[in-house]
file query32.json (JSON, C-alpha atoms and all ligand atoms)
[["chain", "number", "residue", "atom", "x", "y", "z"],
["G", 1, "MET", "CA", 109.58, 19.90, 132.86],
["G", 2, "ILE", "CA", 111.94, 18.13, 135.22],
["G", 3, "GLN", "CA", 111.80, 19.08, 138.84],
["G", 4, "SER", "CA", 113.94, 18.23, 141.81],
["G", 5, "LEU", "CA", 112.18, 16.94, 144.85],
["G", 6, "ARG", "CA", 113.57, 16.43, 148.27],
["G", 7, "ARG", "CA", 112.21, 13.91, 150.67],
["G", 8, "THR", "CA", 111.50, 15.29, 154.10],
["G", 9, "SER", "CA", 112.61, 13.54, 157.27],
["G", 10, "ARG", "CA", 109.07, 12.31, 157.80],
["G", 11, "SER", "CA", 107.57, 11.10, 154.62],
["G", 12, "LEU", "CA", 107.65, 10.88, 150.89],
["G", 13, "ARG", "CA", 104.14, 12.22, 150.99],
["G", 14, "SER", "CA", 105.54, 15.51, 152.19],
["G", 15, "VAL", "CA", 107.73, 15.70, 149.16],
["G", 16, "MET", "CA", 108.29, 19.27, 148.05],
["G", 17, "ILE", "CA", 109.54, 20.66, 144.82],
["G", 18, "LEU", "CA", 112.91, 22.28, 145.35],
["G", 19, "ALA", "CA", 114.02, 23.50, 142.00],
["G", 20, "VAL", "CA", 113.29, 23.39, 138.34],
["G", 21, "SER", "CA", 115.99, 22.05, 136.08],
["G", 22, "ALA", "CA", 115.96, 21.29, 132.41],
["G", 23, "VAL", "CA", 118.77, 18.78, 132.53],
["G", 24, "ALA", "CA", 119.19, 16.81, 135.71],
["G", 25, "PRO", "CA", 117.67, 13.33, 135.89],
["G", 26, "VAL", "CA", 118.34, 13.52, 139.63],
["G", 27, "THR", "CA", 115.02, 13.73, 141.34],
["G", 28, "ILE", "CA", 114.30, 13.11, 144.98],
["G", 29, "ALA", "CA", 116.79, 13.64, 147.77],
["G", 30, "VAL", "CA", 116.33, 11.53, 150.85],
["G", 31, "GLY", "CA", 118.28, 13.81, 153.17],
["G", 32, "ALA", "CA", 121.43, 13.38, 155.17],
["G", 33, "SER", "CA", 119.98, 11.58, 158.17],
["G", 34, "THR", "CA", 118.14, 8.28, 157.93],
["G", 35, "PRO", "CA", 114.57, 8.93, 158.97],
["G", 36, "GLN", "CA", 112.32, 6.42, 160.66],
["G", 37, "PRO", "CA", 109.83, 4.89, 158.22],
["G", 38, "TYR", "CA", 106.53, 6.69, 158.31],
["G", 39, "PRO", "CA", 103.38, 4.55, 158.65],
["G", 40, "GLY", "CA", 102.33, 3.58, 155.15],
["G", 41, "GLU", "CA", 105.67, 4.56, 153.66],
["G", 42, "ALA", "CA", 106.47, 1.05, 152.44],
["G", 43, "ALA", "CA", 103.09, 0.82, 150.70],
["G", 44, "PHE", "CA", 103.65, 4.20, 149.11],
["G", 45, "ARG", "CA", 107.12, 3.21, 147.98],
["G", 46, "ASP", "CA", 105.73, 0.08, 146.37],
["G", 47, "LEU", "CA", 103.11, 2.05, 144.44],
["G", 48, "TYR", "CA", 105.63, 4.71, 143.42],
["G", 49, "GLN", "CA", 108.10, 2.10, 142.21],
["G", 50, "GLU", "CA", 105.46, 0.30, 140.17],
["G", 51, "LEU", "CA", 104.39, 3.52, 138.48],
["G", 52, "VAL", "CA", 107.94, 4.72, 137.81],
["G", 53, "GLU", "CA", 109.03, 1.34, 136.45],
["G", 54, "THR", "CA", 106.11, 1.14, 134.05],
["G", 55, "ASN", "CA", 107.45, 2.62, 130.84],
["G", 56, "THR", "CA", 105.05, 5.31, 129.65],
["G", 57, "THR", "CA", 107.08, 6.84, 126.82],
["G", 58, "LEU", "CA", 105.27, 7.49, 123.58],
["G", 59, "SER", "CA", 107.57, 5.20, 121.59],
["G", 60, "VAL", "CA", 107.38, 1.88, 123.43],
["G", 61, "GLY", "CA", 105.52, 2.62, 126.65],
["G", 62, "SER", "CA", 101.89, 2.53, 127.66],
["G", 63, "CYS", "CA", 100.02, 4.98, 129.85],
["G", 64, "THR", "CA", 97.10, 2.58, 129.64],
["G", 65, "ALA", "CA", 99.17, -0.14, 131.34],
["G", 66, "ALA", "CA", 100.18, 2.28, 134.10],
["G", 67, "ALA", "CA", 96.57, 3.44, 134.49],
["G", 68, "GLU", "CA", 95.42, -0.18, 134.80],
["G", 69, "LYS", "CA", 97.96, -0.84, 137.56],
["G", 70, "MET", "CA", 96.86, 2.21, 139.54],
["G", 71, "ALA", "CA", 93.20, 1.31, 139.04],
["G", 72, "ALA", "CA", 93.89, -2.18, 140.34],
["G", 73, "ARG", "CA", 95.51, -0.76, 143.46],
["G", 74, "LEU", "CA", 92.56, 1.50, 144.13],
["G", 75, "GLN", "CA", 90.17, -1.42, 143.72],
["G", 76, "ARG", "CA", 92.25, -3.59, 146.06],
["G", 77, "ALA", "CA", 91.90, -0.76, 148.56],
["G", 78, "GLY", "CA", 88.14, -1.07, 148.31],
["G", 79, "MET", "CA", 87.16, 1.44, 145.65],
["G", 80, "PRO", "CA", 84.41, 0.15, 143.34],
["G", 81, "ALA", "CA", 85.34, -0.49, 139.73],
["G", 82, "ALA", "CA", 82.36, 1.64, 138.72],
["G", 83, "SER", "CA", 84.03, 4.68, 140.27],
["G", 84, "MET", "CA", 86.87, 4.69, 137.76],
["G", 85, "GLN", "CA", 87.41, 4.63, 134.02],
["G", 86, "ILE", "CA", 90.40, 4.25, 131.75],
["G", 87, "LEU", "CA", 89.78, 6.36, 128.68],
["G", 88, "ALA", "CA", 91.72, 6.48, 125.46],
["G", 89, "PRO", "CA", 90.86, 7.44, 121.90],
["G", 90, "ALA", "CA", 90.58, 4.50, 119.52],
["G", 91, "GLU", "CA", 93.57, 5.70, 117.51],
["G", 92, "PHE", "CA", 95.83, 5.89, 120.59],
["G", 93, "PRO", "CA", 94.93, 2.85, 122.70],
["G", 94, "LYS", "CA", 98.16, 3.05, 124.72],
["G", 95, "SER", "CA", 97.55, 6.69, 125.69],
["G", 96, "GLY", "CA", 94.92, 5.94, 128.29],
["G", 97, "SER", "CA", 94.08, 8.16, 131.24],
["G", 98, "LEU", "CA", 92.61, 7.02, 134.55],
["G", 99, "ILE", "CA", 89.73, 9.08, 135.92],
["G", 100, "VAL", "CA", 88.60, 8.18, 139.43],
["G", 101, "SER", "CA", 85.68, 9.66, 141.30],
["G", 102, "TYR", "CA", 86.00, 9.62, 145.09],
["G", 103, "THR", "CA", 82.60, 10.75, 146.24],
["G", 104, "GLY", "CA", 82.17, 13.12, 149.12],
["G", 105, "LYS", "CA", 79.39, 13.45, 151.70],
["G", 106, "ASP", "CA", 77.79, 16.35, 149.86],
["G", 107, "ALA", "CA", 77.01, 15.39, 146.28],
["G", 108, "THR", "CA", 75.96, 18.96, 145.47],
["G", 109, "LEU", "CA", 79.54, 20.20, 145.84],
["G", 110, "GLU", "CA", 81.72, 20.10, 142.75],
["G", 111, "PRO", "CA", 84.77, 17.91, 143.29],
["G", 112, "ILE", "CA", 88.37, 18.97, 143.60],
["G", 113, "MET", "CA", 90.47, 17.52, 140.79],
["G", 114, "LEU", "CA", 93.92, 16.08, 141.47],
["G", 115, "LEU", "CA", 95.60, 16.10, 138.07],
["G", 116, "ALA", "CA", 98.95, 14.49, 137.28],
["G", 117, "HIS", "CA", 100.34, 13.22, 134.01],
["G", 118, "ILE", "CA", 101.77, 9.72, 133.90],
["G", 119, "ASP", "CA", 103.51, 9.85, 130.52],
["G", 120, "VAL", "CA", 107.24, 10.55, 130.50],
["G", 121, "VAL", "CA", 109.84, 11.90, 128.11],
["G", 122, "GLU", "CA", 111.80, 9.36, 126.06],
["G", 123, "ALA", "CA", 114.84, 7.90, 127.85],
["G", 124, "ARG", "CA", 117.41, 5.80, 126.01],
["G", 125, "ARG", "CA", 119.35, 3.38, 128.15],
["G", 126, "GLU", "CA", 122.67, 4.45, 126.57],
["G", 127, "ASP", "CA", 122.09, 8.06, 127.63],
["G", 128, "TRP", "CA", 121.66, 7.16, 131.28],
["G", 129, "VAL", "CA", 124.15, 5.97, 133.88],
["G", 130, "ARG", "CA", 121.44, 3.77, 135.40],
["G", 131, "ASP", "CA", 118.48, 2.04, 133.81],
["G", 132, "PRO", "CA", 115.93, 4.88, 133.49],
["G", 133, "PHE", "CA", 113.06, 2.50, 134.12],
["G", 134, "THR", "CA", 114.39, 1.02, 137.33],
["G", 135, "LEU", "CA", 113.83, 3.06, 140.46],
["G", 136, "VAL", "CA", 117.24, 3.46, 142.06],
["G", 137, "GLU", "CA", 117.74, 5.05, 145.47],
["G", 138, "GLU", "CA", 121.33, 6.12, 145.86],
["G", 139, "ASN", "CA", 123.01, 8.48, 148.31],
["G", 140, "GLY", "CA", 119.74, 10.03, 149.24],
["G", 141, "PHE", "CA", 118.40, 10.48, 145.74],
["G", 142, "PHE", "CA", 115.95, 8.64, 143.54],
["G", 143, "TYR", "CA", 117.02, 8.16, 139.94],
["G", 144, "ALA", "CA", 114.61, 7.17, 137.19],
["G", 145, "ARG", "CA", 112.72, 8.70, 134.30],
["G", 146, "GLY", "CA", 109.61, 10.29, 135.72],
["G", 147, "ALA", "CA", 110.69, 9.81, 139.33],
["G", 148, "SER", "CA", 109.80, 13.45, 139.79],
["G", 149, "ASP", "CA", 107.98, 14.64, 136.67],
["G", 150, "ASP", "CA", 105.26, 13.73, 137.22],
["G", 151, "LYS", "CA", 105.05, 10.27, 138.71],
["G", 152, "ALA", "CA", 105.90, 11.48, 142.21],
["G", 153, "MET", "CA", 102.79, 13.63, 142.20],
["G", 154, "ALA", "CA", 100.71, 10.95, 140.48],
["G", 155, "SER", "CA", 101.82, 8.42, 143.12],
["G", 156, "ILE", "CA", 101.11, 10.78, 146.01],
["G", 157, "PHE", "CA", 97.61, 11.50, 144.69],
["G", 158, "THR", "CA", 96.87, 7.81, 144.08],
["G", 159, "ASP", "CA", 98.27, 6.79, 147.46],
["G", 160, "LEU", "CA", 96.05, 9.39, 149.10],
["G", 161, "LEU", "CA", 92.92, 7.77, 147.66],
["G", 162, "VAL", "CA", 94.21, 4.30, 148.56],
["G", 163, "ARG", "CA", 94.57, 5.41, 152.17],
["G", 164, "TRP", "CA", 91.21, 7.18, 152.28],
["G", 165, "SER", "CA", 89.52, 4.13, 150.85],
["G", 166, "GLU", "CA", 91.22, 1.78, 153.30],
["G", 167, "GLN", "CA", 90.28, 4.08, 156.17],
["G", 168, "LYS", "CA", 86.76, 4.55, 154.78],
["G", 169, "TYR", "CA", 87.29, 8.28, 155.01],
["G", 170, "ARG", "CA", 84.63, 10.38, 153.35],
["G", 171, "PRO", "CA", 85.46, 14.05, 152.73],
["G", 172, "GLN", "CA", 82.71, 16.65, 152.52],
["G", 173, "ARG", "CA", 83.59, 17.46, 148.91],
["G", 174, "GLY", "CA", 84.40, 14.72, 146.44],
["G", 175, "VAL", "CA", 87.75, 14.35, 144.72],
["G", 176, "THR", "CA", 88.42, 13.44, 141.11],
["G", 177, "LEU", "CA", 91.76, 11.85, 140.40],
["G", 178, "ALA", "CA", 92.95, 12.32, 136.82],
["G", 179, "LEU", "CA", 96.10, 10.48, 135.78],
["G", 180, "THR", "CA", 96.55, 11.63, 132.23],
["G", 181, "CYS", "CA", 98.68, 10.90, 129.20],
["G", 182, "GLY", "CA", 100.19, 13.04, 126.45],
["G", 183, "GLU", "CA", 101.52, 15.94, 128.50],
["G", 184, "GLU", "CA", 105.11, 15.58, 127.35],
["G", 185, "THR", "CA", 104.18, 14.99, 123.71],
["G", 186, "SER", "CA", 101.03, 17.06, 123.44],
["G", 187, "GLU", "CA", 101.76, 17.81, 119.79],
["G", 188, "HIS", "CA", 101.05, 14.11, 119.17],
["G", 189, "PHE", "CA", 98.16, 13.61, 121.58],
["G", 190, "ASN", "CA", 97.03, 15.84, 124.44],
["G", 191, "GLY", "CA", 95.21, 13.71, 126.97],
["G", 192, "VAL", "CA", 93.71, 16.53, 129.03],
["G", 193, "LEU", "CA", 92.45, 18.34, 125.94],
["G", 194, "TRP", "CA", 90.96, 15.10, 124.60],
["G", 195, "LEU", "CA", 89.23, 14.43, 127.92],
["G", 196, "LEU", "CA", 87.84, 17.96, 128.07],
["G", 197, "GLN", "CA", 86.48, 17.63, 124.55],
["G", 198, "ASN", "CA", 85.16, 14.09, 124.83],
["G", 199, "HIS", "CA", 84.30, 13.61, 128.51],
["G", 200, "PRO", "CA", 83.58, 17.12, 129.82],
["G", 201, "ALA", "CA", 81.29, 15.94, 132.62],
["G", 202, "LEU", "CA", 84.10, 13.86, 134.13],
["G", 203, "MET", "CA", 86.44, 16.84, 134.07],
["G", 204, "LYS", "CA", 84.15, 19.24, 135.90],
["G", 205, "ALA", "CA", 85.76, 20.43, 139.11],
["G", 206, "ARG", "CA", 85.65, 23.31, 141.54],
["G", 207, "PHE", "CA", 89.38, 23.71, 141.09],
["G", 208, "VAL", "CA", 92.33, 21.64, 139.94],
["G", 209, "LEU", "CA", 95.65, 20.89, 141.63],
["G", 210, "ASN", "CA", 98.39, 20.16, 139.11],
["G", 211, "GLU", "CA", 102.18, 20.21, 138.87],
["G", 212, "GLY", "CA", 104.17, 23.39, 138.43],
["G", 213, "ALA", "CA", 104.99, 25.34, 141.57],
["G", 214, "GLY", "CA", 107.82, 24.65, 143.97],
["G", 215, "GLY", "CA", 108.85, 24.80, 147.58],
["G", 216, "LEU", "CA", 111.88, 24.92, 149.81],
["G", 217, "LEU", "CA", 113.29, 22.85, 152.62],
["G", 218, "ASP", "CA", 116.28, 23.84, 154.71],
["G", 219, "ALA", "CA", 119.29, 21.55, 155.15],
["G", 220, "SER", "CA", 117.59, 19.69, 158.00],
["G", 221, "GLY", "CA", 114.43, 19.05, 155.99],
["G", 222, "LYS", "CA", 112.35, 21.73, 157.70],
["G", 223, "HIS", "CA", 109.64, 23.19, 155.49],
["G", 224, "LEU", "CA", 110.42, 26.79, 154.57],
["G", 225, "SER", "CA", 107.93, 27.51, 151.83],
["G", 226, "LEU", "CA", 105.40, 25.90, 149.54],
["G", 227, "ASP", "CA", 104.56, 27.95, 146.49],
["G", 228, "VAL", "CA", 101.15, 28.09, 144.88],
["G", 229, "GLN", "CA", 101.20, 28.87, 141.19],
["G", 230, "ALA", "CA", 97.91, 30.06, 139.75],
["G", 231, "GLY", "CA", 98.82, 29.70, 136.08],
["G", 232, "GLU", "CA", 101.31, 27.96, 133.86],
["G", 233, "LYS", "CA", 103.86, 29.35, 131.45],
["G", 234, "VAL", "CA", 103.16, 29.03, 127.76],
["G", 235, "TYR", "CA", 105.93, 28.18, 125.32],
["G", 236, "GLN", "CA", 106.15, 30.35, 122.22],
["G", 237, "ASP", "CA", 108.73, 30.87, 119.49],
["G", 238, "PHE", "CA", 109.04, 34.16, 117.63],
["G", 239, "GLY", "CA", 110.79, 34.69, 114.30],
["G", 240, "TRP", "CA", 111.21, 37.43, 111.77],
["G", 241, "ARG", "CA", 112.03, 37.75, 108.09],
["A", 301, "ZN", "ZN", 105.35, 17.37, 134.02]]
call {"tool": "encode", "arguments": {"input": "query32.json", "output": "structure tokens", "more": "lines below"}}
Ligand SMILES: [Zn+2]
result
Amino acid sequence: MIQSLRRTSRSLRSVMILAVSAVAPVTIAVGASTPQPYPGEAAFRDLYQELVETNTTLSVGSCTAAAEKMAARLQRAGMPAASMQILAPAEFPKSGSLIVSYTGKDATLEPIMLLAHIDVVEARREDWVRDPFTLVEENGFFYARGASDDKAMASIFTDLLVRWSEQKYRPQRGVTLALTCGEETSEHFNGVLWLLQNHPALMKARFVLNEGAGGLLDASGKHLSLDVQAGEKVYQDFGWR
């Protein structure tokens, strides 16, 4: 799924899904006016760019490489290496997922899971006006494969834990970050399914926040709505003879 996101006047972190489109590589609109940088925005942009520019297609990319880069950022922010794992089946070593446990004050509470996939659909250079694996900001929009689906969300979630760690913030309930692989090509390898089957304890959560719903901003960037979607569509073909 490819979604359009629009940047608010305050922050990329407030990015909201505007529309769902099956075709447009156009992803995040910056807005007509030039906003003042938000504290931490440059650091977020750097993380987002690194994730977007790491090719995670099935053919030549590596989710494992992207997971390693995000893990390194979290460790530089002070998170212990023991709090995170990169997990991949032996037969798909480049389809690694990063699972991070950010512990809360109350260890008896099940964590909230922040789930985002970091693999992207194939993108051939000749099909794109711009290099799909270079983050380009142009006329208020970001262009790149995965700039929206789902590396915006993955970056926002990762950046959140970077900030919490730097600020030594400790929520009451822990948070599990799951950056997974194999969402776009689940017929080949489904990362979430594999994790549930092979590492069920890591995937236990009170509830999960994942991609899917949308939201609306008005022309000035004011928040109008933020949808909450409780379930996801299921694709199915029907035929007859
Ligand atoms: Zn997606």
call {"tool": "closest_residue", "arguments": {"input": "query32.json", "among": "G:Ala123, G:Gln75, G:His223, G:Asn55", "to": "Lys94 in chain G", "atoms": "all atoms listed in the file"}}
result
G:Asn55
call {"tool": "residues_near_point", "arguments": {"input": "query32.json", "point": "(106.9, 10.7, 141.6)", "cutoff": "9 Å", "atoms": "only C-alpha atoms", "output": "list of chain:residue names"}}
result
G:Leu5, G:Thr27, G:Ile28, G:Tyr48, G:Gln49, G:Leu51, G:Val52, G:Gly146, G:Ala147, G:Ser148, G:Asp149, G:Asp150, G:Lys151, G:Ala152, G:Met153, G:Ala154, G:Ser155, G:Ile156
call {"tool": "residues_around", "arguments": {"input": "query32.json", "residues": "Thr180 in chain G", "least_positions_apart": "2", "cutoff": "9 Å", "atoms": "all atoms listed in the file", "output": "VMD selection string"}}
result
chain G and resid 63 67 95 to 99 115 to 119 178 182 to 183 190 to 192 195
call {"tool": "atom_distance", "arguments": {"input": "query32.json", "atom1": "CA of Glu53 in chain G", "atom2": "CA of Gly140 in chain G"}}
result
18.8 Å
call {"tool": "residues_around", "arguments": {"input": "query32.json", "residues": "Val100 in chain G", "least_positions_apart": "6", "cutoff": "6 Å", "atoms": "all atoms listed in the file", "output": "NGL selection string"}}
result
:G and (83-84 or 176-177)
call {"tool": "atom_distance", "arguments": {"input": "query32.json", "atom1": "CA of Val234 in chain G", "atom2": "CA of Ala201 in chain G"}}
result
25.9 Å
call {"tool": "atom_distance", "arguments": {"input": "query32.json", "atom1": "CA of Pro111 in chain G", "atom2": "CA of Tyr169 in chain G"}}
result
15.4 Å
call {"tool": "residues_around", "arguments": {"input": "query32.json", "residues": "Phe44 in chain G", "least_positions_apart": "6", "cutoff": "12 Å", "atoms": "all atoms listed in the file", "output": "ChimeraX atom specification"}}
result
/G:11-14,37-38,50-51,70,73,152-163
call {"tool": "closest_residue", "arguments": {"input": "query32.json", "among": "G:Pro93, G:Gly231, G:Pro39, G:Gly78", "to": "Trp164 in chain G", "atoms": "all atoms listed in the file"}}
result
G:Gly78
call {"tool": "residues_around", "arguments": {"input": "query32.json", "residues": "Phe207 in chain G", "least_positions_apart": "6", "cutoff": "10 Å", "atoms": "only C-alpha atoms", "output": "CSV table (one decimal) with C-alpha atoms, in the frame of the given file"}}
result
chain,number,residue,atom,x,y,z
G,110,GLU,CA,81.7,20.1,142.8
G,111,PRO,CA,84.8,17.9,143.3
G,112,ILE,CA,88.4,19.0,143.6
G,113,MET,CA,90.5,17.5,140.8
G,114,LEU,CA,93.9,16.1,141.5
call {"tool": "closest_residue", "arguments": {"input": "query32.json", "among": "G:Phe92, G:Phe133, G:Phe142, G:Tyr102", "to": "Val120 in chain G", "atoms": "only C-alpha atoms"}}
result
G:Phe133
